[in-house]
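Q: Just dropping this structure here.
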Amino acid sequence: MLKKLVNECRFTLTLRTESPLLVREGRYGSPQIEKKSGVPDSFFVCRNTPEEIRKAIDNNNYSNLSFYLPGSSLRGVVRSHAEKIVRTLIPEGSLCCKPGNNTTCKGSYKNSCVICKLFGSMGSAGRIQIHDSETLKKGIDFERYGNAIDRFTGSVSEKEKADGGKGGMLFSNQLLKDYVFTSRIVIRNFEIWQLGLLAYVLRDFHAFSGNDEPGLITLGFGKNRGLGRVKGSIDKVSVVYYNRNLETKTYGLMGMGEMEPLSSDSYGFITSGPLPNGLLEEATIEPETPYRKQCKVKDNVLFFKTCAAAWNKAVDNSEFSALSTLKERSKVLHGV
């Protein structure tokens with residue numbers, strides 16, 4: 001069932017940097033791009049070729065580099081924060097597995113925890129795709145200095161000078177400020193409660209807040225130094241349905257539980273109804289793809305609040321099919 005397209009939710013997440021940001025370029029320091037003295041020790045990740053990066057280093061000008069936020073980095077932050085939310089709201093841990101080699105989520109979708117059902121595990125693919133970002137607005141890049149810390153003494157790390165004395169290990173990073181990135185997010189074959197859990201994460205990006213206050217989620221290097229604070233916003237939210245009914249253009253919000261009720265027992269799909277009407281606009285149907293119905297969301301905040309209510313209801317009513325099994329496994333893993 002999950003190998004075919006049934007539905008999709010699409011939207012863009014825009015992130016504006018509220019403090020300097022650094023996601024390191026992994027190629028710098030490799031044989032492709034060797035480190036040089038007198039230049040920053042790390043650079044922001046970019047799409048440029050090694051030759052273009054070496055030219056920027058030689059000219060000491062990085063403004064023409066094509067910086068971006070990797071989708072894998074953003075996905076990791078979103079998943080980690082979703083886990084924190086679940087473990088905070090449900091302290092016993094029965095809805096979120098223990099990550100690592102001892103995870104219980106190595107089997108089917110039905111027997112996976114709520115996090116692995118959305119983000120994937122060793123046994124099943126994830127529902128969510130987070131694409132590499134595009135730069136919506138350029139700001140400035142600058143160099144910031146710091147001292148390396150000796151983890152044994154807790155003081156400034158020292159190195160031998162050429163004359164036999166000792167000096168602090170000074171390093172520098174190239175940071176971005178006042179940049180705006182936008183990433184496309186797609187959730188395929190979603191259940192409505194999954195969008196509700198995601199709504200909690202978006203709320204902590206302050207995506208639904210009208211003020212300029214940065215969110216609770218930070219990105220990249222130096223989080224404990226005040227780096228990586230961002231303010232999020234969402235736009236272009238739409239829901240896509242795939243079916244052969246060529247006549248229907250008016251749809252309500254439907255997840256896998258509503259669209260594939262006969263598969264609910266096999267996959268553990270949850271029906272989230274009743275849901276309010278009027279969340280979606282009339283479907284747009286292209287002549288070349290009449291089986292694809294795309295419906296724009298009328299009110300982004302109301303849409304995600306509705307999905308969040310579906311998540312709350314599923315948790316309160318213990319509607320997750322694998323809940324009892326996960327509770328027993330949790331007792332073994334956590335030693336309670």
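In the structure tokens, the first chain shown is A, the next is B, and so on; residue numbers restart at 1 for each chain, and ligands run from 1 in the order shown.
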With DSSP run on the backbone, what are the alpha helix (DSSP H) residues within region 164-208 of chain A? I'd like them as a PyMOL selection string.
A: chain A and resi 192-204
Q: Keeping only C-alpha atoms, write those residues as a PDB file, in the first residue's frame.
A:
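Output file selection.pdb follows:
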```
ATOM      1  CA  ILE A 192      -3.284  13.411   9.531  1.00  0.00           C
ATOM      2  CA  TRP A 193      -1.734  12.921  12.966  1.00  0.00           C
ATOM      3  CA  GLN A 194       1.711  13.018  11.315  1.00  0.00           C
ATOM      4  CA  LEU A 195       0.997  16.518  10.044  1.00  0.00           C
ATOM      5  CA  GLY A 196      -0.140  17.349  13.576  1.00  0.00           C
ATOM      6  CA  LEU A 197       3.161  16.232  15.102  1.00  0.00           C
ATOM      7  CA  LEU A 198       4.971  18.251  12.443  1.00  0.00           C
ATOM      8  CA  ALA A 199       2.819  21.257  13.380  1.00  0.00           C
ATOM      9  CA  TYR A 200       4.366  21.191  16.871  1.00  0.00           C
ATOM     10  CA  VAL A 201       7.840  21.374  15.318  1.00  0.00           C
ATOM     11  CA  LEU A 202       6.817  24.238  13.024  1.00  0.00           C
ATOM     12  CA  ARG A 203       5.399  26.076  16.023  1.00  0.00           C
ATOM     13  CA  ASP A 204       8.807  25.898  17.715  1.00  0.00           C
TER      14      ASP A 204
END
```
Q: Can you pull out every residue within 10 Å of Val239 (chain A), counting only C-alpha atoms, but drop anything in the same chain fewer than 4 positions away, and send it as JSON, numbers by chain?
A: {"A": [7, 8, 9, 10, 11, 186, 187, 188, 251, 252, 253, 254, 280, 281, 283, 293, 294, 295, 296, 297]}
Q: Which residues come within 12 Å of Lys84 (chain A), counting only C-alpha atoms, excluding same-chain residues fewer than 3 positions away, as a PyMOL selection string?
A: chain A and resi 77-81+87-91+93+95-98+115+197+200-201+204+217
Q: Given the selection you just returned, output its residues as a file containing N, CA and C atoms, formatted as a short mmCIF file (atom, residue, chain, number, x, y, z; two decimals), in the first residue's frame.
A:
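Done, and the output landed in again.cif:
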```cif
data_model
loop_
_atom_site.label_atom_id
_atom_site.label_comp_id
_atom_site.auth_asym_id
_atom_site.auth_seq_id
_atom_site.Cartn_x
_atom_site.Cartn_y
_atom_site.Cartn_z
N VAL A 77 17.62 17.93 12.31
CA VAL A 77 17.17 18.84 13.36
C VAL A 77 15.68 18.68 13.61
N VAL A 78 14.89 18.57 12.53
CA VAL A 78 13.44 18.42 12.66
C VAL A 78 13.10 17.10 13.37
N ARG A 79 13.77 16.02 12.98
CA ARG A 79 13.50 14.73 13.63
C ARG A 79 13.88 14.77 15.11
N SER A 80 15.05 15.31 15.40
CA SER A 80 15.50 15.38 16.79
C SER A 80 14.53 16.17 17.65
N HIS A 81 14.02 17.29 17.12
CA HIS A 81 13.09 18.10 17.91
C HIS A 81 11.74 17.39 18.06
N ARG A 87 8.83 12.81 23.66
CA ARG A 87 9.31 12.34 24.96
C ARG A 87 8.89 13.29 26.09
N THR A 88 8.68 14.57 25.76
CA THR A 88 8.23 15.52 26.77
C THR A 88 6.75 15.33 27.08
N LEU A 89 5.94 15.15 26.02
CA LEU A 89 4.49 15.01 26.22
C LEU A 89 4.12 13.64 26.75
N ILE A 90 4.87 12.61 26.36
CA ILE A 90 4.59 11.24 26.81
C ILE A 90 5.86 10.72 27.49
N PRO A 91 6.10 11.06 28.76
CA PRO A 91 7.37 10.76 29.42
C PRO A 91 7.72 9.29 29.47
N GLY A 93 7.80 7.22 27.24
CA GLY A 93 8.59 6.84 26.07
C GLY A 93 8.01 5.77 25.20
N LEU A 95 5.80 5.96 22.86
CA LEU A 95 5.52 6.35 21.48
C LEU A 95 6.78 6.68 20.69
N CYS A 96 7.92 6.64 21.34
CA CYS A 96 9.18 6.98 20.67
C CYS A 96 10.23 5.95 21.05
N CYS A 97 10.80 5.30 20.06
CA CYS A 97 11.75 4.22 20.34
C CYS A 97 13.08 4.79 20.80
N LYS A 98 13.92 3.92 21.29
CA LYS A 98 15.28 4.28 21.67
C LYS A 98 16.17 4.21 20.45
N ILE A 115 7.66 8.30 15.59
CA ILE A 115 8.75 9.03 14.95
C ILE A 115 9.23 8.28 13.71
N LEU A 197 1.88 16.26 14.40
CA LEU A 197 3.16 16.23 15.10
C LEU A 197 4.12 17.23 14.47
N TYR A 200 3.69 20.82 15.63
CA TYR A 200 4.37 21.19 16.87
C TYR A 200 5.80 21.66 16.59
N VAL A 201 6.47 20.98 15.68
CA VAL A 201 7.84 21.37 15.32
C VAL A 201 7.83 22.74 14.65
N ASP A 204 7.57 25.56 17.00
CA ASP A 204 8.81 25.90 17.71
C ASP A 204 9.84 26.58 16.81
N ILE A 217 14.31 26.42 18.02
CA ILE A 217 15.19 25.47 17.35
C ILE A 217 16.39 26.21 16.77
#
```
Q: Run DSSP on the backbone and grab whatever in region 34-96 of chain A lands in strand (DSSP E or B); send it over as a ChimeraX atom specification.
A: /A:42,44,46,67
Q: So that I have them on file, write out the residues from the current selection with N, CA and C atoms, as an mmCIF file, in the first residue's frame.
A:
```
data_model
loop_
_atom_site.group_PDB
_atom_site.id
_atom_site.type_symbol
_atom_site.label_atom_id
_atom_site.label_comp_id
_atom_site.auth_asym_id
_atom_site.auth_seq_id
_atom_site.Cartn_x
_atom_site.Cartn_y
_atom_site.Cartn_z
ATOM 1 N N SER A 42 37.079 27.101 8.633
ATOM 2 C CA SER A 42 35.893 26.419 8.122
ATOM 3 C C SER A 42 35.046 27.407 7.345
ATOM 4 N N PHE A 44 31.118 27.966 5.125
ATOM 5 C CA PHE A 44 29.726 27.529 5.011
ATOM 6 C C PHE A 44 29.582 26.630 3.782
ATOM 7 N N CYS A 46 28.493 24.982 0.420
ATOM 8 C CA CYS A 46 28.044 25.629 -0.811
ATOM 9 C C CYS A 46 27.979 24.603 -1.938
ATOM 10 N N PHE A 67 25.757 29.493 -1.259
ATOM 11 C CA PHE A 67 25.512 28.837 0.023
ATOM 12 C C PHE A 67 24.098 28.254 0.072
#
```
Q: Looking at A:Glu286, A:Asp316, A:Asp41, A:Glu18, which one is nearest to Thr218 (chain A), with distances taken over only C-alpha atoms?
A: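 Selected residue with least distance to Thr218 (chain A): A:Glu18.
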Q: Give me, please, the distance in Å between CA of Tyr291 (chain A) and CA of Asn243 (chain A), quoted to one decimal.
A: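 Interatomic distance here is 5.1 Å.
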Q: Between CA of Arg229 (chain A) and CA of Asp212 (chain A), measure the distance and give it in Å to one decimal.
A: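 Pair CA of Arg229 (chain A) / CA of Asp212 (chain A) returns 11.6 Å.
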Q: In terms of the shortest atom-to-atom distance over only C-alpha atoms, which of A:Ser264, A:Ser133, A:Thr153, A:Thr271 is closest to Thr14 (chain A)?
A: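 Of the candidates, the smallest distance to Thr14 (chain A) is held by A:Ser133.
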Q: Provide the CA of Ser272 (chain A) to CA of Val114 (chain A) distance in Å, to one decimal place.
A: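 Straight-line distance from CA of Ser272 (chain A) to CA of Val114 (chain A) works out to 15.1 Å.
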Q: Go through A:Tyr62, A:Phe190, A:Phe269, A:Phe303 one by one, measure the shortest atom-to-atom distance of each to Gly126 (chain A) using only C-alpha atoms, and give the residue with the smallest value.
A: A:Phe190
Q: What's the 7 Å shell around Gly146 (chain A), counting only C-alpha atoms, without same-chain residues fewer than 2 positions away, as a list in words?
A: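 Those residues are Arg144, Ala148, Leu170, Phe171 and Ser172 of chain A.
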Q: Could you write those residues out with N, CA and C atoms, as a short mmCIF file (atom, residue, chain, number, x, y, z; two decimals), in the first residue's frame?
A:
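Wrote part-v8.cif, looks like this:
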```
data_model
loop_
_atom_site.label_atom_id
_atom_site.label_comp_id
_atom_site.auth_asym_id
_atom_site.auth_seq_id
_atom_site.Cartn_x
_atom_site.Cartn_y
_atom_site.Cartn_z
N ARG A 144 34.83 35.15 12.08
CA ARG A 144 34.84 35.30 13.54
C ARG A 144 35.92 34.41 14.13
N ALA A 148 40.64 27.69 20.85
CA ALA A 148 40.36 26.29 21.13
C ALA A 148 40.49 26.02 22.63
N LEU A 170 44.46 29.87 18.19
CA LEU A 170 43.44 30.73 17.62
C LEU A 170 42.89 30.11 16.34
N PHE A 171 41.56 30.13 16.18
CA PHE A 171 40.94 29.63 14.96
C PHE A 171 39.88 30.62 14.50
N SER A 172 39.42 30.47 13.28
CA SER A 172 38.39 31.38 12.76
C SER A 172 37.40 30.58 11.91
#
```
Q: If you count only C-alpha atoms, which residues fall within 12 Å of Lys35 (chain A), apart from same-chain ones fewer than 6 positions away, as an NGL selection string?
A: :A and (26-29 or 41-43 or 53-54 or 57-58)
